[in-house]
file query.tsv (TSV, C-alpha atoms)
chain	number	residue	atom	x	y	z
A	1	MET	CA	0.00	0.00	0.00
A	2	LYS	CA	1.31	3.44	-0.91
A	3	TRP	CA	0.87	6.25	1.58
A	4	THR	CA	0.66	9.83	0.37
A	5	ARG	CA	-0.25	12.93	2.31
A	6	ASP	CA	-3.20	15.17	1.67
A	7	ALA	CA	-2.69	18.91	1.32
A	8	ARG	CA	-3.03	19.69	5.03
A	9	PRO	CA	0.25	20.85	6.63
A	10	ARG	CA	1.68	18.35	9.10
A	11	ARG	CA	3.22	19.33	12.42
A	12	ILE	CA	6.07	16.98	13.34
A	13	VAL	CA	8.12	17.19	16.53
A	14	VAL	CA	11.73	16.05	16.37
A	15	ILE	CA	13.00	14.79	19.73
A	16	SER	CA	16.78	14.91	19.74
A	17	THR	CA	18.73	12.49	21.95
A	18	GLY	CA	22.23	12.56	20.44
A	19	GLY	CA	24.05	9.78	18.63
A	20	THR	CA	26.18	9.89	15.49
A	21	ILE	CA	23.68	12.14	13.73
A	22	ALA	CA	24.58	14.78	16.34
A	23	SER	CA	28.28	13.87	16.74
A	24	ARG	CA	31.22	16.13	15.93
A	25	TRP	CA	34.97	15.58	16.01
A	26	THR	CA	36.44	16.23	19.46
A	27	GLY	CA	40.14	15.80	18.63
A	28	SER	CA	40.34	12.12	19.56
A	29	GLY	CA	37.01	10.78	18.34
A	30	TYR	CA	33.39	11.72	17.69
A	31	ALA	CA	30.95	12.62	20.45
A	32	ALA	CA	27.36	13.83	20.47
A	33	ASP	CA	27.19	17.58	21.00
A	34	ALA	CA	25.14	19.13	18.16
A	35	SER	CA	21.72	20.42	19.14
A	36	GLY	CA	18.47	19.22	17.62
A	37	ASP	CA	18.14	22.53	15.80
A	38	ASP	CA	21.62	22.05	14.35
A	39	VAL	CA	20.73	18.54	13.18
A	40	VAL	CA	17.43	19.61	11.60
A	41	ALA	CA	19.17	22.52	9.85
A	42	THR	CA	21.28	20.04	7.85
A	43	ALA	CA	18.25	18.36	6.27
A	44	ALA	CA	15.68	19.33	3.71
A	45	VAL	CA	12.13	19.26	5.04
A	46	PRO	CA	9.35	17.61	3.01
A	47	ASP	CA	6.80	19.99	1.53
A	48	GLY	CA	3.89	20.66	3.84
A	49	VAL	CA	5.74	19.60	7.00
A	50	ASN	CA	6.33	22.02	9.86
A	51	VAL	CA	9.08	20.91	12.24
A	52	GLU	CA	9.49	21.69	15.92
A	53	VAL	CA	12.50	20.51	17.93
A	54	LEU	CA	12.75	19.21	21.49
A	55	ASP	CA	16.27	18.68	22.85
A	56	LEU	CA	15.81	15.93	25.42
A	57	PHE	CA	19.41	14.88	26.01
A	58	ASN	CA	22.57	14.56	23.96
A	59	VAL	CA	24.59	11.36	24.45
A	60	ASN	CA	26.30	8.65	22.48
A	61	SER	CA	23.72	5.88	22.59
A	62	SER	CA	26.12	3.42	24.20
A	63	ARG	CA	25.43	5.54	27.30
A	64	MET	CA	21.68	4.89	27.13
A	65	THR	CA	20.01	3.98	30.42
A	66	THR	CA	16.54	2.88	31.47
A	67	ASP	CA	16.06	6.24	33.19
A	68	ARG	CA	16.72	8.00	29.88
A	69	GLN	CA	14.40	5.63	28.03
A	70	LEU	CA	11.68	6.35	30.59
A	71	GLY	CA	12.31	10.07	30.09
A	72	LEU	CA	11.98	9.60	26.34
A	73	LEU	CA	8.73	7.70	26.78
A	74	ARG	CA	7.33	10.49	28.94
A	75	ALA	CA	8.44	13.12	26.42
A	76	VAL	CA	6.70	11.26	23.60
A	77	ARG	CA	3.48	10.90	25.58
A	78	GLU	CA	3.53	14.56	26.66
A	79	THR	CA	4.14	15.65	23.07
A	80	LEU	CA	1.27	13.54	21.75
A	81	ALA	CA	-1.03	14.98	24.43
A	82	ASP	CA	-1.22	17.96	22.06
A	83	PRO	CA	-3.83	17.00	19.42
A	84	GLY	CA	-2.21	19.40	16.97
A	85	VAL	CA	0.90	17.23	16.71
A	86	ASP	CA	0.76	14.83	13.74
A	87	GLY	CA	3.79	12.68	14.48
A	88	ILE	CA	7.19	12.39	16.13
A	89	VAL	CA	10.70	11.73	14.88
A	90	VAL	CA	13.30	10.63	17.43
A	91	THR	CA	16.94	11.11	16.44
A	92	HIS	CA	18.97	8.49	18.30
A	93	GLY	CA	22.33	6.78	18.20
A	94	THR	CA	22.38	3.46	16.38
A	95	ASP	CA	24.09	1.41	19.10
A	96	THR	CA	21.00	1.07	21.30
A	97	LEU	CA	18.32	2.42	18.97
A	98	GLU	CA	16.79	-1.08	18.74
A	99	GLU	CA	16.27	-1.13	22.51
A	100	SER	CA	14.77	2.35	22.89
A	101	ALA	CA	12.48	1.95	19.87
A	102	PHE	CA	11.18	-1.40	21.12
A	103	PHE	CA	10.68	-0.03	24.65
A	104	LEU	CA	8.55	2.79	23.28
A	105	ASP	CA	6.68	0.44	20.96
A	106	LEU	CA	5.65	-1.78	23.88
A	107	HIS	CA	3.99	1.28	25.48
A	108	HIS	CA	2.80	3.19	22.40
A	109	SER	CA	-0.99	3.36	22.16
A	110	ASP	CA	-1.47	6.37	19.88
A	111	PRO	CA	-2.23	5.95	16.16
A	112	ARG	CA	0.20	8.75	15.36
A	113	THR	CA	3.55	7.42	14.32
A	114	VAL	CA	6.83	7.65	16.22
A	115	VAL	CA	9.81	7.20	13.90
A	116	PHE	CA	13.37	6.53	15.06
A	117	THR	CA	16.27	7.49	12.82
A	118	GLY	CA	19.92	8.47	13.05
A	119	ALA	CA	23.13	8.25	11.10
A	120	GLN	CA	26.15	6.06	10.51
A	121	ARG	CA	28.36	9.00	9.49
A	122	PRO	CA	28.86	11.98	11.77
A	123	PHE	CA	27.25	15.40	11.73
A	124	GLY	CA	28.56	17.86	9.17
A	125	THR	CA	30.53	15.42	7.02
A	126	GLY	CA	30.26	15.84	3.27
A	127	ASP	CA	28.97	12.30	2.77
A	128	GLY	CA	26.78	12.27	5.86
A	129	ASP	CA	23.66	10.09	5.77
A	130	GLY	CA	21.88	11.91	8.59
A	131	PRO	CA	20.14	14.56	6.45
A	132	GLY	CA	18.65	11.97	4.08
A	133	ASN	CA	17.54	9.71	6.91
A	134	LEU	CA	15.93	12.64	8.71
A	135	TYR	CA	14.08	13.72	5.55
A	136	ASP	CA	12.72	10.19	5.11
A	137	ALA	CA	11.75	9.92	8.78
A	138	LEU	CA	9.83	13.20	8.58
A	139	GLN	CA	8.00	11.95	5.50
A	140	VAL	CA	7.00	8.71	7.25
A	141	ALA	CA	5.93	10.51	10.43
A	142	ALA	CA	3.80	12.89	8.36
A	143	THR	CA	2.23	10.14	6.28
A	144	VAL	CA	1.83	6.83	8.09
A	145	HIS	CA	-0.44	6.11	11.03
A	146	GLY	CA	-1.50	3.12	13.10
A	147	LEU	CA	1.71	1.08	12.75
A	148	GLY	CA	3.30	1.79	16.12
A	149	VAL	CA	6.93	2.77	16.45
A	150	LEU	CA	9.02	2.50	13.28
A	151	VAL	CA	12.70	2.68	12.36
A	152	VAL	CA	13.60	4.52	9.14
A	153	PHE	CA	17.10	4.20	7.72
A	154	ASP	CA	18.63	4.23	4.24
A	155	GLY	CA	15.26	4.47	2.48
A	156	LEU	CA	13.77	1.49	4.35
A	157	VAL	CA	11.01	1.29	6.95
A	158	HIS	CA	11.28	-1.28	9.74
A	159	ALA	CA	9.06	-2.27	12.67
A	160	ALA	CA	10.53	-1.61	16.11
A	161	ARG	CA	9.95	-5.25	17.14
A	162	GLY	CA	12.62	-7.54	15.82
A	163	THR	CA	14.70	-4.84	14.15
A	164	VAL	CA	18.33	-4.84	15.28
A	165	LYS	CA	21.61	-3.38	14.15
A	166	THR	CA	23.16	-5.98	11.87
A	167	LYS	CA	26.07	-3.96	10.42
A	168	THR	CA	28.50	-1.84	12.40
A	169	LEU	CA	29.30	0.88	9.84
A	170	ALA	CA	27.26	0.37	6.66
A	171	SER	CA	24.62	2.90	5.62
A	172	ASP	CA	21.87	0.26	5.95
A	173	PRO	CA	22.60	-1.04	9.45
A	174	PHE	CA	19.13	-2.21	10.51
A	175	ALA	CA	17.10	-5.28	9.66
A	176	ASP	CA	14.90	-7.91	11.24
A	177	PRO	CA	17.00	-11.07	10.73
A	178	SER	CA	13.93	-13.25	11.30
A	179	GLY	CA	11.37	-11.16	9.42
A	180	GLU	CA	10.71	-8.68	6.66
A	181	ARG	CA	10.91	-4.93	6.45
A	182	VAL	CA	7.71	-2.90	6.77
A	183	GLY	CA	8.23	-0.77	3.68
A	184	ARG	CA	10.41	1.58	1.72
A	185	LEU	CA	10.51	5.14	0.42
A	186	GLY	CA	10.88	6.40	-3.11
A	187	PHE	CA	9.59	8.95	-5.62
A	188	GLY	CA	7.96	11.04	-2.91
A	189	GLN	CA	5.91	8.15	-1.54
A	190	VAL	CA	5.99	5.73	1.36
A	191	ASP	CA	5.26	2.17	0.28
A	192	ILE	CA	4.05	0.04	3.20
A	193	GLU	CA	4.39	-3.68	2.48
A	194	ARG	CA	3.17	-5.22	5.73
A	195	GLU	CA	1.59	-4.29	9.06
A	196	PRO	CA	3.75	-4.98	12.12
A	197	VAL	CA	2.44	-7.55	14.61
A	198	ARG	CA	2.34	-6.00	18.08
A	199	PRO	CA	0.92	-6.93	21.47
A	200	ALA	CA	-1.57	-4.47	22.87
A	201	PRO	CA	0.35	-1.59	24.46
A	202	LEU	CA	1.23	-1.40	28.13
A	203	PRO	CA	0.38	1.62	30.28
A	204	ALA	CA	3.37	3.85	30.84
A	205	PRO	CA	5.20	3.16	34.12
A	206	ALA	CA	4.22	5.64	36.79
A	207	ALA	CA	6.68	8.50	37.20
A	208	GLY	CA	8.66	8.34	40.43
A	209	ALA	CA	7.70	4.72	41.09
A	210	ALA	CA	10.03	2.09	42.53
A	211	ALA	CA	13.68	2.00	41.56
A	212	VAL	CA	14.48	0.74	38.08
A	213	PRO	CA	15.06	-3.02	38.30
A	214	ARG	CA	18.41	-4.48	37.34
A	215	VAL	CA	18.17	-6.71	34.25
A	216	ASP	CA	21.36	-8.35	32.99
A	217	ILE	CA	22.46	-10.28	29.91
A	218	VAL	CA	24.72	-13.33	30.29
A	219	MET	CA	26.16	-15.16	27.27
A	220	HIS	CA	26.99	-18.84	27.06
A	221	HIS	CA	30.07	-20.04	25.18
A	222	SER	CA	32.17	-23.19	24.84
A	223	ASP	CA	33.66	-22.80	28.33
A	224	GLY	CA	30.53	-21.28	29.85
A	225	ASP	CA	29.69	-21.95	33.49
A	226	PRO	CA	27.15	-20.49	35.97
A	227	VAL	CA	29.57	-17.97	37.49
A	228	LEU	CA	28.29	-14.87	35.70
A	229	LEU	CA	24.63	-15.84	36.00
A	230	ASN	CA	25.07	-16.43	39.74
A	231	ALA	CA	26.97	-13.16	40.06
A	232	SER	CA	24.13	-11.31	38.37
A	233	VAL	CA	21.61	-12.77	40.82
A	234	ALA	CA	23.90	-11.96	43.74
A	235	ALA	CA	24.16	-8.36	42.48
A	236	GLY	CA	20.39	-8.01	42.80
A	237	ALA	CA	19.19	-8.63	39.26
A	238	ARG	CA	15.45	-9.16	39.06
A	239	GLY	CA	15.77	-10.43	35.52
A	240	VAL	CA	18.45	-12.13	33.44
A	241	VAL	CA	18.58	-12.84	29.72
A	242	LEU	CA	20.58	-15.99	29.09
A	243	VAL	CA	22.09	-15.92	25.60
A	244	GLY	CA	22.35	-19.54	24.59
A	245	THR	CA	24.09	-21.18	21.68
A	246	GLY	CA	22.16	-22.55	18.71
A	247	ALA	CA	18.41	-22.66	19.25
A	248	GLY	CA	18.95	-21.76	22.92
A	249	ASN	CA	21.29	-24.23	24.60
A	250	ALA	CA	23.72	-24.26	27.51
A	251	THR	CA	24.83	-26.89	30.06
A	252	PRO	CA	23.22	-28.91	32.88
A	253	GLU	CA	25.09	-26.72	35.39
A	254	ILE	CA	23.63	-23.56	33.88
A	255	ALA	CA	20.16	-25.14	33.82
A	256	ALA	CA	20.53	-25.82	37.55
A	257	ALA	CA	21.60	-22.20	38.12
A	258	VAL	CA	18.54	-21.02	36.17
A	259	ALA	CA	16.28	-23.15	38.38
A	260	ASP	CA	17.92	-21.67	41.48
A	261	ALA	CA	17.50	-18.12	40.18
A	262	VAL	CA	13.84	-18.72	39.33
A	263	SER	CA	13.26	-20.14	42.82
A	264	GLN	CA	14.50	-16.80	44.17
A	265	GLY	CA	11.95	-14.89	42.10
A	266	VAL	CA	14.30	-13.88	39.28
A	267	LEU	CA	12.81	-13.87	35.79
A	268	VAL	CA	15.04	-15.64	33.28
A	269	VAL	CA	14.58	-15.29	29.51
A	270	LEU	CA	16.35	-17.59	27.05
A	271	SER	CA	17.56	-15.99	23.82
A	272	THR	CA	20.32	-16.98	21.40
A	273	ARG	CA	23.56	-15.60	20.03
A	274	VAL	CA	22.61	-16.84	16.53
A	275	ALA	CA	21.65	-14.01	14.17
A	276	SER	CA	18.21	-15.28	13.09
A	277	GLY	CA	15.58	-17.87	13.82
A	278	PRO	CA	13.60	-18.78	16.95
A	279	VAL	CA	14.66	-20.25	20.24
A	280	ALA	CA	13.23	-23.77	20.39
A	281	GLU	CA	13.02	-26.72	22.79
A	282	VAL	CA	15.05	-29.31	20.85
A	283	TYR	CA	17.93	-30.51	23.03
A	284	THR	CA	18.33	-31.82	26.56
A	285	GLY	CA	21.71	-32.04	28.30
A	286	GLY	CA	21.41	-28.40	29.33
A	287	GLY	CA	19.62	-27.40	26.15
A	288	ALA	CA	16.42	-25.40	25.79
A	289	VAL	CA	14.32	-28.38	26.92
A	290	ASP	CA	16.07	-28.35	30.31
A	291	LEU	CA	16.29	-24.57	30.51
A	292	ALA	CA	12.54	-24.21	29.92
A	293	ALA	CA	11.88	-26.92	32.52
A	294	ALA	CA	14.04	-24.91	34.93
A	295	GLY	CA	11.74	-21.92	34.44
A	296	ALA	CA	13.38	-19.91	31.65
A	297	VAL	CA	10.94	-18.18	29.30
A	298	LEU	CA	11.81	-18.55	25.62
A	299	ALA	CA	12.37	-15.29	23.71
A	300	GLY	CA	10.98	-16.48	20.38
A	301	THR	CA	12.80	-14.54	17.67
A	302	LEU	CA	13.76	-11.56	19.84
A	303	ARG	CA	17.50	-11.07	20.04
A	304	PRO	CA	19.11	-10.49	23.48
A	305	GLY	CA	18.86	-6.69	23.65
A	306	GLN	CA	15.16	-6.62	22.83
A	307	ALA	CA	14.48	-9.69	24.99
A	308	ARG	CA	15.95	-7.68	27.85
A	309	ILE	CA	13.63	-4.76	27.06
A	310	ALA	CA	10.59	-7.07	27.15
A	311	LEU	CA	11.76	-8.43	30.50
A	312	LEU	CA	12.33	-4.90	31.80
A	313	ALA	CA	8.86	-3.79	30.68
A	314	ALA	CA	7.28	-6.78	32.44
A	315	LEU	CA	9.11	-5.89	35.65
A	316	LEU	CA	8.07	-2.22	35.40
A	317	ALA	CA	4.41	-3.11	34.88
A	318	GLU	CA	2.00	-3.33	37.79
A	319	VAL	CA	0.81	-6.93	38.00
A	320	PRO	CA	-0.69	-8.69	41.03
A	321	SER	CA	1.35	-11.90	41.13
A	322	ALA	CA	4.48	-13.63	39.92
A	323	GLU	CA	2.39	-15.95	37.74
A	324	ARG	CA	0.68	-13.02	36.03
A	325	ARG	CA	4.03	-11.34	35.48
A	326	VAL	CA	5.34	-14.43	33.69
A	327	SER	CA	2.16	-14.51	31.59
A	328	LEU	CA	2.69	-10.87	30.65
A	329	LEU	CA	6.33	-11.54	29.83
A	330	ARG	CA	5.36	-14.35	27.46
A	331	THR	CA	2.94	-12.00	25.70
A	332	LEU	CA	5.58	-9.31	25.28
A	333	LEU	CA	8.14	-11.79	23.98
A	334	GLU	CA	5.82	-13.57	21.58
A	335	GLY	CA	4.07	-10.42	20.39
A	336	PRO	CA	0.52	-11.63	19.61
A	337	VAL	CA	-2.16	-9.12	18.74
A	338	ARG	CA	-4.77	-8.95	21.48
A	339	SER	CA	-8.00	-7.00	21.54
A	340	GLU	CA	-7.59	-6.19	25.23
A	341	PRO	CA	-4.59	-4.40	26.74
A	342	ALA	CA	-1.71	-6.76	27.45
A	343	LEU	CA	-1.58	-5.70	31.09
A	344	ALA	CA	-5.30	-6.26	31.58
A	345	ALA	CA	-4.91	-9.71	30.05
A	346	ALA	CA	-2.25	-10.46	32.62
A	347	HIS	CA	-4.55	-9.74	35.58

call {"tool": "encode", "arguments": {"input": "query.tsv", "output": "structure tokens"}}
result
Amino acid sequence: MKWTRDARPRRIVVISTGGTIASRWTGSGYAADASGDDVVATAAVPDGVNVEVLDLFNVNSSRMTTDRQLGLLRAVRETLADPGVDGIVVTHGTDTLEESAFFLDLHHSDPRTVVFTGAQRPFGTGDGDGPGNLYDALQVAATVHGLGVLVVFDGLVHAARGTVKTKTLASDPFADPSGERVGRLGFGQVDIEREPVRPAPLPAPAAGAAAVPRVDIVMHHSDGDPVLLNASVAAGARGVVLVGTGAGNATPEIAAAVADAVSQGVLVVLSTRVASGPVAEVYTGGGAVDLAAAGAVLAGTLRPGQARIALLAALLAEVPSAERRVSLLRTLLEGPVRSEPALAAAH
């Protein structure tokens, strides 16, 4: 389906958070320091689009934190509280863009689109990709509605769920290794090829609520043992993503450590270090069969970073029991479409 705008001017708010698109040379490397206005000034603006800028923070995205992601979620919700706003573009560093976009998507209930974009080449360079990506993101935000949070990069449109950074430096760094893109841009139009599958959105976590829970990621390898998983639990983690090999496999010792963690109330999610495909209960001997029996929840096709975000969102949600929290977590990981809110379904 091709999306084109009518003649009405569109009001789009750009929320600037830093990243390569806002990074300048510091003498020893690049760091985010350009303002949102500076970033927007580098790009052409689609006809009929009026842009406003909100500078939220300005960091390299490897410094992203849950507190900043919560601040971004609040900023998006406060911006969309104005009925005159037609859409939002978030400029963000590519390192953790997949996590922030998915976090917002899990909580996004408005039909107006939130589009994440950024750059692989720094601000102000002659061959910079930021201006073109920002132009495309503005066009999508002004045109598309009802598809949740999207990622726009290098002329392609991706769903937040499942989309990860697959290339470190190339101009087309994002893809869903286990799925298809949502669409593409060209000749002044946005061509949407599929509708993203999303669970019903969660309510936003209450501001000033309990401390942000610790959620860690632990990777298995050929000499893997339970030391790091146990250390994470001892450090107070309320959730751990175990990154297994293959379709989600580890060792009998790690399966025993998972069972012990679960018995202490820690949520454990099983993902994989393999680039694409689902986690599946195939093998015993410490494989996914044993890990699931120990209480680990399978991540489906979500890669570790986004599996962690789903786990974090489940911990931030207000649910009445541990069993309901696990049920909610499964919904967030699997991503089915539900007619009722995901949180209500978990009660």

call {"tool": "atom_distance", "arguments": {"input": "query.tsv", "atom1": "CA of Ser271 in chain A", "atom2": "CA of Val243 in chain A"}}
result
4.9 Å

call {"tool": "atom_distance", "arguments": {"input": "query.tsv", "atom1": "CA of Gly295 in chain A", "atom2": "CA of Val258 in chain A"}}
result
7.1 Å

call {"tool": "closest_atom_pairs", "arguments": {"input": "query.tsv", "of": "range 261-312 of chain A", "to": "range 220-231 of chain A", "cutoff": "10 Å", "atoms": "all atoms listed in the file", "output": "Markdown table"}}
result
| residue | atom | partner | partner_atom | distance |
| --- | --- | --- | --- | --- |
| A:Ala261 | CA | A:Asn230 | CA | 7.8 |
| A:Val268 | CA | A:Leu229 | CA | 10.0 |
| A:Thr272 | CA | A:His220 | CA | 8.9 |
| A:Arg273 | CA | A:His220 | CA | 8.5 |

call {"tool": "atom_distance", "arguments": {"input": "query.tsv", "atom1": "CA of Val212 in chain A", "atom2": "CA of Thr94 in chain A"}}
result
23.3 Å

call {"tool": "closest_residue", "arguments": {"input": "query.tsv", "among": "A:Arg330, A:His158, A:Lys165, A:Arg214", "to": "Ile192 in chain A", "atoms": "only C-alpha atoms"}}
result
A:His158

call {"tool": "closest_residue", "arguments": {"input": "query.tsv", "among": "A:Met219, A:Ala250, A:Ala257, A:Leu70", "to": "Leu312 in chain A", "atoms": "all atoms listed in the file"}}
result
A:Leu70

call {"tool": "build_atoms", "arguments": {"input": "query.tsv", "residues": "range 208-218 of chain A", "atoms": "all heavy atoms", "output": "PDB file, in the frame of the given file"}}
result
ATOM      1  N   GLY A 208       8.256   8.343  39.034  1.00  0.00           N
ATOM      2  CA  GLY A 208       8.660   8.340  40.430  1.00  0.00           C
ATOM      3  C   GLY A 208       8.291   7.072  41.167  1.00  0.00           C
ATOM      4  O   GLY A 208       8.223   7.068  42.404  1.00  0.00           O
ATOM      5  N   ALA A 209       8.036   5.983  40.442  1.00  0.00           N
ATOM      6  CA  ALA A 209       7.700   4.720  41.090  1.00  0.00           C
ATOM      7  C   ALA A 209       8.962   4.093  41.669  1.00  0.00           C
ATOM      8  O   ALA A 209       9.971   4.741  41.877  1.00  0.00           O
ATOM      9  CB  ALA A 209       7.023   3.787  40.090  1.00  0.00           C
ATOM     10  N   ALA A 210       8.900   2.793  41.917  1.00  0.00           N
ATOM     11  CA  ALA A 210      10.030   2.090  42.530  1.00  0.00           C
ATOM     12  C   ALA A 210      11.272   2.210  41.658  1.00  0.00           C
ATOM     13  O   ALA A 210      11.214   2.561  40.480  1.00  0.00           O
ATOM     14  CB  ALA A 210       9.648   0.625  42.730  1.00  0.00           C
ATOM     15  N   ALA A 211      12.412   1.922  42.268  1.00  0.00           N
ATOM     16  CA  ALA A 211      13.680   2.000  41.560  1.00  0.00           C
ATOM     17  C   ALA A 211      13.672   1.097  40.331  1.00  0.00           C
ATOM     18  O   ALA A 211      13.022   0.046  40.314  1.00  0.00           O
ATOM     19  CB  ALA A 211      14.813   1.606  42.490  1.00  0.00           C
ATOM     20  N   VAL A 212      14.397   1.515  39.312  1.00  0.00           N
ATOM     21  CA  VAL A 212      14.480   0.740  38.080  1.00  0.00           C
ATOM     22  C   VAL A 212      15.130  -0.611  38.394  1.00  0.00           C
ATOM     23  O   VAL A 212      16.191  -0.668  39.012  1.00  0.00           O
ATOM     24  CB  VAL A 212      15.307   1.495  37.030  1.00  0.00           C
ATOM     25  CG1 VAL A 212      15.598   0.601  35.835  1.00  0.00           C
ATOM     26  CG2 VAL A 212      14.573   2.752  36.588  1.00  0.00           C
ATOM     27  N   PRO A 213      14.497  -1.710  37.992  1.00  0.00           N
ATOM     28  CA  PRO A 213      15.060  -3.020  38.300  1.00  0.00           C
ATOM     29  C   PRO A 213      16.308  -3.308  37.467  1.00  0.00           C
ATOM     30  O   PRO A 213      16.428  -2.880  36.319  1.00  0.00           O
ATOM     31  CB  PRO A 213      13.930  -3.985  37.925  1.00  0.00           C
ATOM     32  CG  PRO A 213      13.135  -3.254  36.888  1.00  0.00           C
ATOM     33  CD  PRO A 213      13.213  -1.806  37.270  1.00  0.00           C
ATOM     34  N   ARG A 214      17.216  -4.046  38.066  1.00  0.00           N
ATOM     35  CA  ARG A 214      18.410  -4.480  37.340  1.00  0.00           C
ATOM     36  C   ARG A 214      18.045  -5.677  36.474  1.00  0.00           C
ATOM     37  O   ARG A 214      17.467  -6.659  36.940  1.00  0.00           O
ATOM     38  CB  ARG A 214      19.515  -4.858  38.320  1.00  0.00           C
ATOM     39  CG  ARG A 214      20.812  -5.289  37.637  1.00  0.00           C
ATOM     40  CD  ARG A 214      21.860  -5.769  38.635  1.00  0.00           C
ATOM     41  NE  ARG A 214      23.079  -6.132  37.928  1.00  0.00           N
ATOM     42  CZ  ARG A 214      24.211  -5.429  37.941  1.00  0.00           C
ATOM     43  NH1 ARG A 214      24.272  -4.308  38.639  1.00  0.00           N
ATOM     44  NH2 ARG A 214      25.258  -5.831  37.262  1.00  0.00           N
ATOM     45  N   VAL A 215      18.395  -5.600  35.185  1.00  0.00           N
ATOM     46  CA  VAL A 215      18.170  -6.710  34.250  1.00  0.00           C
ATOM     47  C   VAL A 215      19.465  -6.908  33.469  1.00  0.00           C
ATOM     48  O   VAL A 215      19.920  -6.001  32.775  1.00  0.00           O
ATOM     49  CB  VAL A 215      17.003  -6.425  33.286  1.00  0.00           C
ATOM     50  CG1 VAL A 215      16.791  -7.603  32.339  1.00  0.00           C
ATOM     51  CG2 VAL A 215      15.721  -6.130  34.058  1.00  0.00           C
ATOM     52  N   ASP A 216      20.055  -8.086  33.584  1.00  0.00           N
ATOM     53  CA  ASP A 216      21.360  -8.350  32.990  1.00  0.00           C
ATOM     54  C   ASP A 216      21.262  -9.317  31.810  1.00  0.00           C
ATOM     55  O   ASP A 216      20.253 -10.014  31.635  1.00  0.00           O
ATOM     56  CB  ASP A 216      22.307  -8.954  34.033  1.00  0.00           C
ATOM     57  CG  ASP A 216      22.723  -7.955  35.097  1.00  0.00           C
ATOM     58  OD1 ASP A 216      22.726  -6.744  34.806  1.00  0.00           O
ATOM     59  OD2 ASP A 216      23.036  -8.378  36.232  1.00  0.00           O
ATOM     60  N   ILE A 217      22.329  -9.343  31.020  1.00  0.00           N
ATOM     61  CA  ILE A 217      22.460 -10.280  29.910  1.00  0.00           C
ATOM     62  C   ILE A 217      23.729 -11.097  30.137  1.00  0.00           C
ATOM     63  O   ILE A 217      24.804 -10.534  30.370  1.00  0.00           O
ATOM     64  CB  ILE A 217      22.533  -9.557  28.557  1.00  0.00           C
ATOM     65  CG1 ILE A 217      21.237  -8.778  28.287  1.00  0.00           C
ATOM     66  CG2 ILE A 217      22.803 -10.543  27.425  1.00  0.00           C
ATOM     67  CD1 ILE A 217      21.258  -7.955  27.005  1.00  0.00           C
ATOM     68  N   VAL A 218      23.588 -12.422  30.088  1.00  0.00           N
ATOM     69  CA  VAL A 218      24.720 -13.330  30.290  1.00  0.00           C
ATOM     70  C   VAL A 218      24.806 -14.255  29.084  1.00  0.00           C
ATOM     71  O   VAL A 218      23.818 -14.892  28.710  1.00  0.00           O
ATOM     72  CB  VAL A 218      24.558 -14.158  31.583  1.00  0.00           C
ATOM     73  CG1 VAL A 218      25.676 -15.178  31.705  1.00  0.00           C
ATOM     74  CG2 VAL A 218      24.518 -13.242  32.805  1.00  0.00           C
TER      75      VAL A 218
END
